[in-house]
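For reference, the structure discussed in these notes is given below.
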Amino acid sequence: MTPNPRAVTPTAVVAAPEKIGDSLKQHAAEGQESRKGLMARLGSWWERERSPGSAEIKALYTARLTDVAANRTAKQWCAQYLAADGKARRALLAQLVQAGADLEPRADLGLRLLRRLNVQTDSLQFMVELRADMLHWRNQVAGLAVLEHELESLLSNWFDVGMLELKPITWDSPASLLEKLIQYEAVHEIHSWDELKHRVAHNRRCYAFFHPRMSDVPLIFVEVAFAHQMAGNVQVLLDPKTPAEDLDKARWAIFYSISNTQPGLRGISFGNFLLKRVIEEVLREMPRLKSFATLSPIPGFTDWLKKQDRQTLQAILHDRSEAKAVGTEDHAGALWAAKLQKAAVGQASELVQRAGLKLAAHYLTAIKNGHPLDPVARFHLGNGARIERVNWAADNSPKGLEQSCAIMANYLYDLNELDQNLVQLAAGKPSVGRNFKRL
């Protein structure tokens, strides 16, 4: 009979209990190691997920920057913050504020906390976004404004203009960078790649400031067109079908869009340095240029106009026919805003156009607490520019109609007059051009 190869021999039967025992011991050891690994992972997860106690958070202020435990807590807090949503982030910010509320004297302890967070994340972008959140929540979290001001002072040093790099952005720039232009454009929305290509074409320029530690993020950028005269209609500049300007004949550089990209850097001004650096760059490339001006929105005009009563408008429109056209209604400002918006896209009489431009001119030169009312006017006049002209029906986009009744302003940058213009502004009298004075 042929032996059955599967038959169990006596030797095998005798040896089985030993192998089984060894196997059980091995499985037990493996199980124990597995449980240790699981417990270690659970412990690690617990450390990540649990919220540090108030004493641990307080140590972020008081411990030395080399303290291992405090730095571990800081890294844990940052990881939780990055993973949190809006309300959870507000709670985490409140936790920071509460932990430092009774520190007396505070001295530079808040700055120590913020430097610790910066070191542990090794991300300047994180700190910028952290301040953006602080600005968003500071009126809802008691005491947060103190920490926000401390972070602003640090960011002002970290983003000193001497550390920023001015770079051109062209159609040959990386796609990821071009996408950021579409994302961050805050003045005139970019709807397509064709529109973007037009704005960075060979006959246009786009420059941006970058920080070495945020080299893929434009902090602020300006779009420049060139023309043989000062531009007065942004739709013409934005239209991809507009014929390319002959750069050899161009005498004007027109800054038609300036966009800050980081809400967390609000109040940290480097826009004035940007424009001056850009003027230097384009002059080096095109020395035949003679003049530099903006074509700028007037974002606060419509809201301001709606609040004006009949007597105020009549005082501004001192021409008899214009003053008569104001009417007798108490809410004359709101009626005039609607009238100007309608006229900008239709057939406007000379009287309506003249009145609209005169109202816009009055608003642009209005000063409150030493500063122009309009935020864009505040920026350009604060850089030493002068108001050169206001333009009727210059931006008929929905946004332009809504915020300024389609009226836009030209601010002229005369490099020889910037300082004198600032002196006039400090005296409460913004500098204006001849065309502007005739209104």
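We name chains A, B, ... following the order of the structure tokens; residues begin at 1 in each chain, and ligands are numbered from 1 as shown.
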Tell me, as number ranges by chain, which residues lie within 9 Å of stretch 58-71 of chain A, counting only C-alpha atoms; anything in the same chain fewer than 2 positions away does not count. A: 53-56, 73-76, 96, 98-100, 103, 108-117, 119-120
Residue subset to file, keeping N, CA and C atoms, as a PDB file, in the first residue's frame:
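Output (part30.pdb):
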```
ATOM      1  N   GLY A  53      -4.140  72.456  29.062  1.00  0.00           N
ATOM      2  CA  GLY A  53      -4.762  73.153  30.170  1.00  0.00           C
ATOM      3  C   GLY A  53      -4.293  74.593  30.256  1.00  0.00           C
ATOM      4  N   SER A  54      -4.965  75.365  31.104  1.00  0.00           N
ATOM      5  CA  SER A  54      -4.647  76.789  31.215  1.00  0.00           C
ATOM      6  C   SER A  54      -3.208  77.014  31.673  1.00  0.00           C
ATOM      7  N   ALA A  55      -2.706  76.125  32.571  1.00  0.00           N
ATOM      8  CA  ALA A  55      -1.328  76.280  33.034  1.00  0.00           C
ATOM      9  C   ALA A  55      -0.339  76.053  31.891  1.00  0.00           C
ATOM     10  N   GLU A  56      -0.647  75.063  31.042  1.00  0.00           N
ATOM     11  CA  GLU A  56       0.229  74.790  29.901  1.00  0.00           C
ATOM     12  C   GLU A  56       0.218  75.955  28.915  1.00  0.00           C
ATOM     13  N   THR A  73       3.807  72.085  23.680  1.00  0.00           N
ATOM     14  CA  THR A  73       2.435  72.582  23.793  1.00  0.00           C
ATOM     15  C   THR A  73       2.106  73.547  22.660  1.00  0.00           C
ATOM     16  N   ALA A  74       3.056  74.405  22.308  1.00  0.00           N
ATOM     17  CA  ALA A  74       2.839  75.365  21.222  1.00  0.00           C
ATOM     18  C   ALA A  74       2.593  74.645  19.902  1.00  0.00           C
ATOM     19  N   LYS A  75       3.386  73.631  19.641  1.00  0.00           N
ATOM     20  CA  LYS A  75       3.208  72.878  18.396  1.00  0.00           C
ATOM     21  C   LYS A  75       1.857  72.182  18.385  1.00  0.00           C
ATOM     22  N   GLN A  76       1.462  71.635  19.539  1.00  0.00           N
ATOM     23  CA  GLN A  76       0.156  70.977  19.650  1.00  0.00           C
ATOM     24  C   GLN A  76      -0.972  71.986  19.424  1.00  0.00           C
ATOM     25  N   LEU A  96      -6.012  81.469  24.399  1.00  0.00           N
ATOM     26  CA  LEU A  96      -4.732  82.182  24.486  1.00  0.00           C
ATOM     27  C   LEU A  96      -4.882  83.473  25.287  1.00  0.00           C
ATOM     28  N   GLN A  98      -7.197  84.384  27.483  1.00  0.00           N
ATOM     29  CA  GLN A  98      -7.511  84.158  28.899  1.00  0.00           C
ATOM     30  C   GLN A  98      -6.287  83.746  29.696  1.00  0.00           C
ATOM     31  N   ALA A  99      -5.438  82.940  29.064  1.00  0.00           N
ATOM     32  CA  ALA A  99      -4.242  82.476  29.772  1.00  0.00           C
ATOM     33  C   ALA A  99      -3.285  83.617  30.072  1.00  0.00           C
ATOM     34  N   GLY A 100      -3.291  84.647  29.238  1.00  0.00           N
ATOM     35  CA  GLY A 100      -2.379  85.762  29.460  1.00  0.00           C
ATOM     36  C   GLY A 100      -3.024  86.986  30.062  1.00  0.00           C
ATOM     37  N   LEU A 103      -1.358  88.489  33.360  1.00  0.00           N
ATOM     38  CA  LEU A 103       0.097  88.655  33.380  1.00  0.00           C
ATOM     39  C   LEU A 103       0.436  90.122  33.612  1.00  0.00           C
ATOM     40  N   ASP A 108       6.980  92.103  27.357  1.00  0.00           N
ATOM     41  CA  ASP A 108       7.074  91.477  26.037  1.00  0.00           C
ATOM     42  C   ASP A 108       6.636  90.024  26.060  1.00  0.00           C
ATOM     43  N   LEU A 109       5.825  89.644  27.062  1.00  0.00           N
ATOM     44  CA  LEU A 109       5.412  88.245  27.178  1.00  0.00           C
ATOM     45  C   LEU A 109       4.500  87.834  26.023  1.00  0.00           C
ATOM     46  N   GLY A 110       3.643  88.756  25.563  1.00  0.00           N
ATOM     47  CA  GLY A 110       2.800  88.451  24.410  1.00  0.00           C
ATOM     48  C   GLY A 110       3.645  88.219  23.162  1.00  0.00           C
ATOM     49  N   LEU A 111       4.679  89.033  22.991  1.00  0.00           N
ATOM     50  CA  LEU A 111       5.576  88.854  21.860  1.00  0.00           C
ATOM     51  C   LEU A 111       6.303  87.516  21.949  1.00  0.00           C
ATOM     52  N   ARG A 112       6.637  87.094  23.175  1.00  0.00           N
ATOM     53  CA  ARG A 112       7.305  85.801  23.349  1.00  0.00           C
ATOM     54  C   ARG A 112       6.394  84.660  22.915  1.00  0.00           C
ATOM     55  N   LEU A 113       5.133  84.745  23.299  1.00  0.00           N
ATOM     56  CA  LEU A 113       4.164  83.737  22.870  1.00  0.00           C
ATOM     57  C   LEU A 113       4.113  83.654  21.344  1.00  0.00           C
ATOM     58  N   LEU A 114       4.001  84.800  20.696  1.00  0.00           N
ATOM     59  CA  LEU A 114       3.850  84.811  19.242  1.00  0.00           C
ATOM     60  C   LEU A 114       5.117  84.335  18.543  1.00  0.00           C
ATOM     61  N   ARG A 115       6.278  84.707  19.075  1.00  0.00           N
ATOM     62  CA  ARG A 115       7.526  84.205  18.489  1.00  0.00           C
ATOM     63  C   ARG A 115       7.624  82.692  18.644  1.00  0.00           C
ATOM     64  N   ARG A 116       7.139  82.178  19.761  1.00  0.00           N
ATOM     65  CA  ARG A 116       7.171  80.732  19.986  1.00  0.00           C
ATOM     66  C   ARG A 116       6.297  80.020  18.946  1.00  0.00           C
ATOM     67  N   LEU A 117       5.111  80.559  18.697  1.00  0.00           N
ATOM     68  CA  LEU A 117       4.229  79.955  17.700  1.00  0.00           C
ATOM     69  C   LEU A 117       4.876  79.994  16.319  1.00  0.00           C
ATOM     70  N   VAL A 119       8.089  80.021  15.591  1.00  0.00           N
ATOM     71  CA  VAL A 119       9.192  79.053  15.524  1.00  0.00           C
ATOM     72  C   VAL A 119       8.665  77.634  15.384  1.00  0.00           C
ATOM     73  N   GLN A 120       7.623  77.315  16.134  1.00  0.00           N
ATOM     74  CA  GLN A 120       7.125  75.940  16.126  1.00  0.00           C
ATOM     75  C   GLN A 120       6.430  75.579  14.818  1.00  0.00           C
TER      76      GLN A 120
END
```
Atom pair atom CA of A:Gln80 / atom CA of A:Leu144: separation (Å): 18.8 Å
Would you list the contacts of A:Gln235 as a ChimeraX atom specification, taking every protein, DNA or RNA residue within 10 Å and counting only C-alpha atoms, but skipping same-chain residues closer than 2 positions in sequence? /A:188,232-233,237-240,242,393-397
Just the residues within 8 Å of stretch 82-95 of chain A, please, counting only C-alpha atoms, with nothing from its chain fewer than 6 positions along; format it as number ranges by chain. A: 54, 57, 134, 137, 141-142, 144
